[in-house]
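What follows is a short report on a single structure.
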Amino acid sequence: MSAVMITRKVRKWEKLPGKNTFCCDGRVMMARQKGVFYLTLFLIVGTCSLFFAFECPYLALHLSPFIPVFAIVLFLFVMAMLLRTSFSDPGVLPRALQEEATFIEMEIEAANGNVPAGQRPPPRIRNVQINNQIVKLKYCYTCKIFRPPRASHCSICDNCVDRFDHHCPWVGNCVGKRNYRYFYLFTLSLSLLTIYIFTFDIVHVVMRSVDKGFLNTLKETPGTYPFKTALDGAGLCYDIESPVLVCFFTLWSVVGLTGFHTYLISLNQTTNEDIKGSWSGKNRVQNPYSHKNIFKNCCEVLCGPAYPSVLDRRGLQEDSPAPASTAAPNNSNNSSSSSPEPQAMKTTAPLIFNEHTPEDAKPSLGAPAQKSPSPKEEHPPPSKVPPLASPEPDVEASNIKDKSH
């Protein structure tokens, strides 16, 4: 019996580390916590469904048929931006391979030198210059890489995200370099849709109140059905103001979020940088990414190029081989074929070298690569012992000698 290694090719997203979930063969990428995202879908779809079912027929008949048409277009745009933000790669950075992580560790040890026992090692940072300003690159102990500028590690998704803004549970994903513009367009269009529906709800109630009165309109309007029984009992004033307060706080939260991100875009700043005070601390360090112009900052964030994903989620890679036993043929003529042949191990050299790399870790460029001889090229050494004579001729020669004597 001999073991045969069977390799199976799988998609790279099946082996990616982190706390993300994938659907549609790796095309959809989200966080594992998706409960709040489903709540977002329910609130948007439910509110718009009530508006389309009860208010739009009356408004289209008495005001204009373009009111429901514009509402449908705005609703579809909101849903498209929400799904585009939730299902896309926010800019996750791949983790270092084992050889790359080992090489980075050697570089850090060579740069820091021997640290005495009991003393804390220096922080793992690198300094780069961006627009004549020094920016520190921090080392991620989870991903084993020096994070690029403006990148940060998300503790919820357990991944480093390029130009990390924040993790938004309402969209069920991180917001970063590749989906920030779609997130901003989602909040902007949702603010317009909320204002649009709230305005025409008030118009619908006012128009019906002219004919039937305000209280009768609230009782008969299907959209206010949950408050109909409360209006018949005590606390009339409180129950009339409840939907107004709910709509007011909804508008305040969504419109306020849109205004906050508009302010950040005008400064070319992220939420993570604003919370940490990266460019407004005691040192009064200026933002090296800002163009000192609101229009240029907005164009860079909203109209810049679409960055490709660096994960290659749908690429193929070999899975860990699984041994499968097979029956070996019984061949008495070739006894050496049953013994396994040793295979040469292929080593990978580090990708980047600098002055801190040890000399023994660098491959020699002048020395030619030694080529291991193949089994076919190996020949057995010639035998130095002469072949032995056959015993039968010796017997005959001895008989002839006896006869002659």
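Residue numbers start at 1 in each chain; chains themselves are named A, B, ... in the order of the structure tokens; ligands are numbered from 1 in the order shown.
Every protein or nucleic acid residue with an atom no more than 9 Å from stretch 166-170 of chain A, counting only C-alpha atoms and leaving out same-chain residues fewer than 5 positions away, appears here: Ala31, Gln33, Lys34, Gly35, Val36, Phe37, Tyr38, Leu39, Thr40, Cys154, Ile156, Cys157, Val175, Gly176, Thr270, Thr271 and Asn272 of chain A.
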Output file for the residues above (C-alpha atoms, as a PDB file, in the first residue's frame):
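File written: again-v1.pdb
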```pdb
ATOM      1  CA  ALA A  31     -19.474  41.132   8.629  1.00  0.00           C
ATOM      2  CA  GLN A  33     -23.095  40.535  12.779  1.00  0.00           C
ATOM      3  CA  LYS A  34     -25.898  41.270  10.305  1.00  0.00           C
ATOM      4  CA  GLY A  35     -28.875  41.703  12.657  1.00  0.00           C
ATOM      5  CA  VAL A  36     -28.836  45.514  12.579  1.00  0.00           C
ATOM      6  CA  PHE A  37     -28.467  45.418   8.778  1.00  0.00           C
ATOM      7  CA  TYR A  38     -31.704  43.438   8.515  1.00  0.00           C
ATOM      8  CA  LEU A  39     -33.335  46.017  10.786  1.00  0.00           C
ATOM      9  CA  THR A  40     -32.205  48.759   8.396  1.00  0.00           C
ATOM     10  CA  CYS A 154     -11.169  46.589  12.787  1.00  0.00           C
ATOM     11  CA  ILE A 156     -15.184  43.421  14.797  1.00  0.00           C
ATOM     12  CA  CYS A 157     -14.147  42.080  11.382  1.00  0.00           C
ATOM     13  CA  VAL A 175     -16.594  51.594   5.750  1.00  0.00           C
ATOM     14  CA  GLY A 176     -13.241  52.138   4.121  1.00  0.00           C
ATOM     15  CA  THR A 270     -11.987  60.083   8.241  1.00  0.00           C
ATOM     16  CA  THR A 271     -14.153  59.392  11.263  1.00  0.00           C
ATOM     17  CA  ASN A 272     -11.341  57.404  12.854  1.00  0.00           C
TER      18      ASN A 272
END
```
As a short mmCIF file (atom, residue, chain, number, x, y, z; two decimals) with C-alpha atoms, in the first residue's frame, please: every residue in stretch 94-165 of chain A that a backbone DSSP assignment puts in strand (DSSP E).
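Now in result.cif:
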```
data_model
loop_
_atom_site.label_atom_id
_atom_site.label_comp_id
_atom_site.auth_asym_id
_atom_site.auth_seq_id
_atom_site.Cartn_x
_atom_site.Cartn_y
_atom_site.Cartn_z
CA ILE A 125 6.77 51.94 13.78
CA ARG A 126 8.15 53.26 10.54
CA ASN A 127 8.27 56.85 9.42
CA VAL A 128 7.32 57.92 5.90
CA GLN A 129 7.11 61.39 4.44
CA ILE A 134 6.33 62.69 8.72
CA VAL A 135 3.61 60.03 9.10
CA LYS A 136 4.05 56.96 11.31
CA LEU A 137 3.21 53.50 10.03
CA LYS A 138 2.18 51.19 12.86
CA TYR A 139 2.80 47.46 12.98
CA CYS A 140 -0.23 45.15 13.24
CA ILE A 145 2.28 43.89 8.46
CA PHE A 146 3.10 47.57 8.72
CA SER A 152 -6.52 50.60 10.89
CA HIS A 153 -7.45 47.19 12.26
CA CYS A 154 -11.17 46.59 12.79
CA ASN A 159 -9.01 42.74 9.43
CA CYS A 160 -6.85 45.71 8.54
CA VAL A 161 -8.84 48.10 6.32
#
```
Select from stretch 34-153 of chain A every residue with an atom at most 8 Å from any atom of stretch 182-202 of chain A, then for each give the shortest pair of atoms and their distance in Å to one decimal, using only C-alpha atoms, rows by chain and rising number, as a Markdown table.
```
| residue | atom | partner | partner_atom | distance |
| --- | --- | --- | --- | --- |
| A:Cys48 | CA | A:Ile197 | CA | 7.9 |
| A:Phe51 | CA | A:Ile197 | CA | 7.1 |
| A:Glu55 | CA | A:Asp201 | CA | 7.0 |
| A:Ala71 | CA | A:Leu193 | CA | 7.3 |
| A:Leu74 | CA | A:Leu193 | CA | 6.4 |
| A:Phe75 | CA | A:Leu193 | CA | 7.0 |
| A:Phe77 | CA | A:Ser189 | CA | 7.3 |
| A:Val78 | CA | A:Phe186 | CA | 5.6 |
| A:Met79 | CA | A:Phe186 | CA | 8.0 |
| A:Met81 | CA | A:Phe186 | CA | 5.0 |
| A:Leu82 | CA | A:Phe186 | CA | 5.8 |
| A:Arg84 | CA | A:Tyr182 | CA | 6.7 |
| A:Thr85 | CA | A:Phe183 | CA | 5.7 |
```
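Taking atom CA of A:Val254 as the reference point, atom CA of A:Ser290 is found at 26.0 Å.
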